Amino acid sequence: MNDMMNATRLRSPRRWARTLLPVLVGVAACAPAIEREAAVTATADALPMWEVTNGDGTVYLLGSIHMLRPETYPLDDAIYAAFDASAVAAFELHLDSLEAAAPLMMTRGIYQDGRTLSDVLPDTLHDELAARLTEVGIPMAAAASMKPWLAALTVSALTMQRAGFEAAQGIDRHFFERAQTAGKRVTAFETMELQIRVFDAMPEAEQIAFLQTTLDDLDGVVAMIDESTALWKRGDAEAIGAMMNESMQDQPNLRRRLLDDRNQAWVPQIEALLSAGDTAMVIVGMGHLTGAGSVIELLRARGHTVTRSTAAAAAR
């Protein structure tokens, strides 16, 4: 009976979407855990936020972690002040689109030709996945028809949830709800279909490798997100960038799809916000704002002034 209830729970489109959204849109959540040796280089008053100016326009860029523990809040007053000053709030995804996009996730993430994971995975990997799913309360039967990429995201998301991380506590969700309450104009850079396609476009061999890496590093993912959160709160973007670059160095194709291609697609949209003249806050995954090829680096290369924000207490 419990297995049947768990299988029904996982097959629910709404529950799937709520569970997997932060993983689908969060690079940190799907990058493998790594050995972290990056030095803390940020000053004590640094924030994971930048101010972009060009002419009369101002855009704040706030790095997000998509799943957090509730005790992360409240954030620094300077972040809320920048948000309050913004007429527009821009996100990777319009979070109200989640319910409508859930059937798409099921269609693209499930084999439609009758195959199951037992047909495509090596026996040892299949057995390891089954054991890991059991640990998070999901029977293998409930995931049997998933493609490898969706199985990887599912086990990763559920592992983080069991450790106390909540999508409802993510930085993007936090400010999305505040933007709606404040009546700000809300816009998004991408659709759910595009984000799902990032993973579903991977060749099957890459999907299998992605699943294997996810399982190999699953025991370290909670520690990685905890450390990322601590670095985020200290404003140590440099260390987060080093973590991100190292974590994806063996997966160049996935890095290109998850980071590089999307960063380049977002820059013209940020420039459009600058040109519009209204102050705006852009909230995207922290991995997009740090390291080589980041949105920050691309904007500076195009002649925009990008200034690191400092904490409110330090500014007083």
# chains A, B, ... in the order shown; residues from 1 in each chain; ligands from 1

$ residues_around --residues "Thr279 (chain A)" --least-positions-apart "5" --cutoff "7 Å" --atoms "only C-alpha atoms" --output "CSV table (one decimal) with N, CA and C atoms, in the first residue's frame"
chain,number,residue,atom,x,y,z
A,57,GLY,N,19.4,53.9,-17.0
A,57,GLY,CA,18.8,52.7,-16.5
A,57,GLY,C,19.7,52.1,-15.4
A,58,THR,N,19.0,51.4,-14.5
A,58,THR,CA,19.6,50.6,-13.4
A,58,THR,C,19.0,49.3,-13.3
A,59,VAL,N,19.9,48.2,-13.3
A,59,VAL,CA,19.4,46.9,-13.0
A,59,VAL,C,20.2,46.3,-11.9
A,85,ALA,N,13.2,49.4,-4.5
A,85,ALA,CA,13.4,50.5,-5.4
A,85,ALA,C,13.1,50.1,-6.8
A,86,SER,N,12.9,48.8,-7.1
A,86,SER,CA,12.7,48.3,-8.4
A,86,SER,C,11.2,48.2,-8.8
A,87,ALA,N,11.0,48.7,-10.0
A,87,ALA,CA,9.6,48.6,-10.5
A,87,ALA,C,9.3,47.3,-11.2
A,88,VAL,N,10.4,46.6,-11.6
A,88,VAL,CA,10.3,45.4,-12.4
A,88,VAL,C,11.1,44.3,-11.7

$ select_by_dssp --residues "region 10-225 of chain A" --states "strand (DSSP E or B)" --output "MDAnalysis selection string"
chainID A and resid 46:54 57:64 68 88:93 110 146 166 185:190

$ atom_distance --atom1 "CA of Thr214 (chain A)" --atom2 "CA of Ser145 (chain A)"
18.4 Å

$ residues_around --residues "Thr187 (chain A)" --least-positions-apart "5" --cutoff "7 Å" --atoms "only C-alpha atoms" --output "list in words"
Ala89, Ala90, Phe91 and His94 of chain A

$ write_last_selection --atoms "N, CA, C and O atoms" --output "short mmCIF file (atom, residue, chain, number, x, y, z; two decimals), in the first residue's frame"
data_model
loop_
_atom_site.label_atom_id
_atom_site.label_comp_id
_atom_site.auth_asym_id
_atom_site.auth_seq_id
_atom_site.Cartn_x
_atom_site.Cartn_y
_atom_site.Cartn_z
N ALA A 89 10.59 43.10 -11.60
CA ALA A 89 11.31 41.95 -11.07
C ALA A 89 11.38 40.89 -12.16
O ALA A 89 10.34 40.48 -12.69
N ALA A 90 12.60 40.49 -12.52
CA ALA A 90 12.80 39.52 -13.60
C ALA A 90 13.41 38.24 -13.04
O ALA A 90 14.33 38.30 -12.22
N PHE A 91 12.92 37.10 -13.50
CA PHE A 91 13.35 35.80 -13.01
C PHE A 91 13.70 34.89 -14.19
O PHE A 91 13.38 35.20 -15.34
N HIS A 94 8.85 32.30 -14.96
CA HIS A 94 7.68 32.84 -14.30
C HIS A 94 7.08 31.73 -13.44
O HIS A 94 6.54 30.75 -13.97
#

$ closest_residue --among "A:Ala265, A:Leu121, A:Ala82, A:Ala179" --to "Ala209 (chain A)" --atoms "only C-alpha atoms"
A:Leu121

$ residues_around --residues "Leu289 (chain A)" --least-positions-apart "5" --cutoff "9 Å" --atoms "only C-alpha atoms" --output "list in words"
Pro48, Leu61, Leu62, Gly63, Ala237, Gly241, Asn263, Val284, Ser294, Val295, Ile296 and Glu297 of chain A

$ residues_around --residues "Glu271 (chain A)" --least-positions-apart "2" --cutoff "10 Å" --atoms "only C-alpha atoms" --output "PyMOL selection string"
chain A and resi 52-54+57-59+266-269+273-276+299+302+304

$ select_by_dssp --residues "region 14-245 of chain A" --states "helix (DSSP H, G or I)" --output "JSON, numbers by chain"
{"A": [14, 15, 16, 17, 18, 19, 20, 21, 22, 23, 24, 25, 27, 28, 29, 30, 70, 71, 72, 77, 78, 79, 80, 81, 82, 83, 84, 95, 96, 97, 98, 99, 100, 101, 102, 103, 104, 105, 106, 107, 108, 109, 117, 118, 119, 120, 123, 124, 125, 126, 127, 128, 129, 130, 131, 132, 133, 134, 135, 140, 141, 142, 143, 148, 149, 150, 151, 152, 153, 154, 155, 156, 157, 158, 159, 160, 161, 162, 167, 168, 169, 171, 172, 173, 174, 175, 176, 177, 178, 179, 180, 181, 182, 192, 193, 194, 195, 196, 197, 198, 199, 200, 204, 205, 206, 207, 208, 209, 210, 211, 212, 213, 214, 215, 216, 218, 219, 220, 221, 222, 223, 224, 225, 226, 227, 228, 229, 230, 231, 232, 233, 234, 237, 238, 239, 240, 241, 242, 243, 244, 245]}

$ atom_distance --atom1 "CA of Glu238 (chain A)" --atom2 "CA of Gly287 (chain A)"
10.5 Å

$ closest_residue --among "A:Lys147, A:Tyr60, A:Asp217, A:Arg108" --to "Arg132 (chain A)" --atoms "only C-alpha atoms"
A:Asp217

$ atom_distance --atom1 "CA of Pro252 (chain A)" --atom2 "CA of His288 (chain A)"
15.3 Å

$ residues_around --residues "Asp84 (chain A)" --least-positions-apart "6" --cutoff "10 Å" --atoms "only C-alpha atoms" --output "list in words"
Ala78, Arg178, Ala179, Ala182, Lys184, Thr279, Ala280 and Met281 of chain A

$ residues_around --residues "Gly235 (chain A)" --least-positions-apart "4" --cutoff "7 Å" --atoms "only C-alpha atoms" --output "PyMOL selection string"
chain A and resi 42+46-48+231

$ write_last_selection --atoms "C-alpha atoms" --output "short mmCIF file (atom, residue, chain, number, x, y, z; two decimals), in the first residue's frame"
data_model
loop_
_atom_site.label_atom_id
_atom_site.label_comp_id
_atom_site.auth_asym_id
_atom_site.auth_seq_id
_atom_site.Cartn_x
_atom_site.Cartn_y
_atom_site.Cartn_z
CA ALA A 42 35.28 38.43 -0.63
CA ALA A 46 30.11 42.06 0.07
CA LEU A 47 26.69 40.88 -1.12
CA PRO A 48 25.75 38.41 -3.87
CA LEU A 231 29.49 31.53 0.79
#
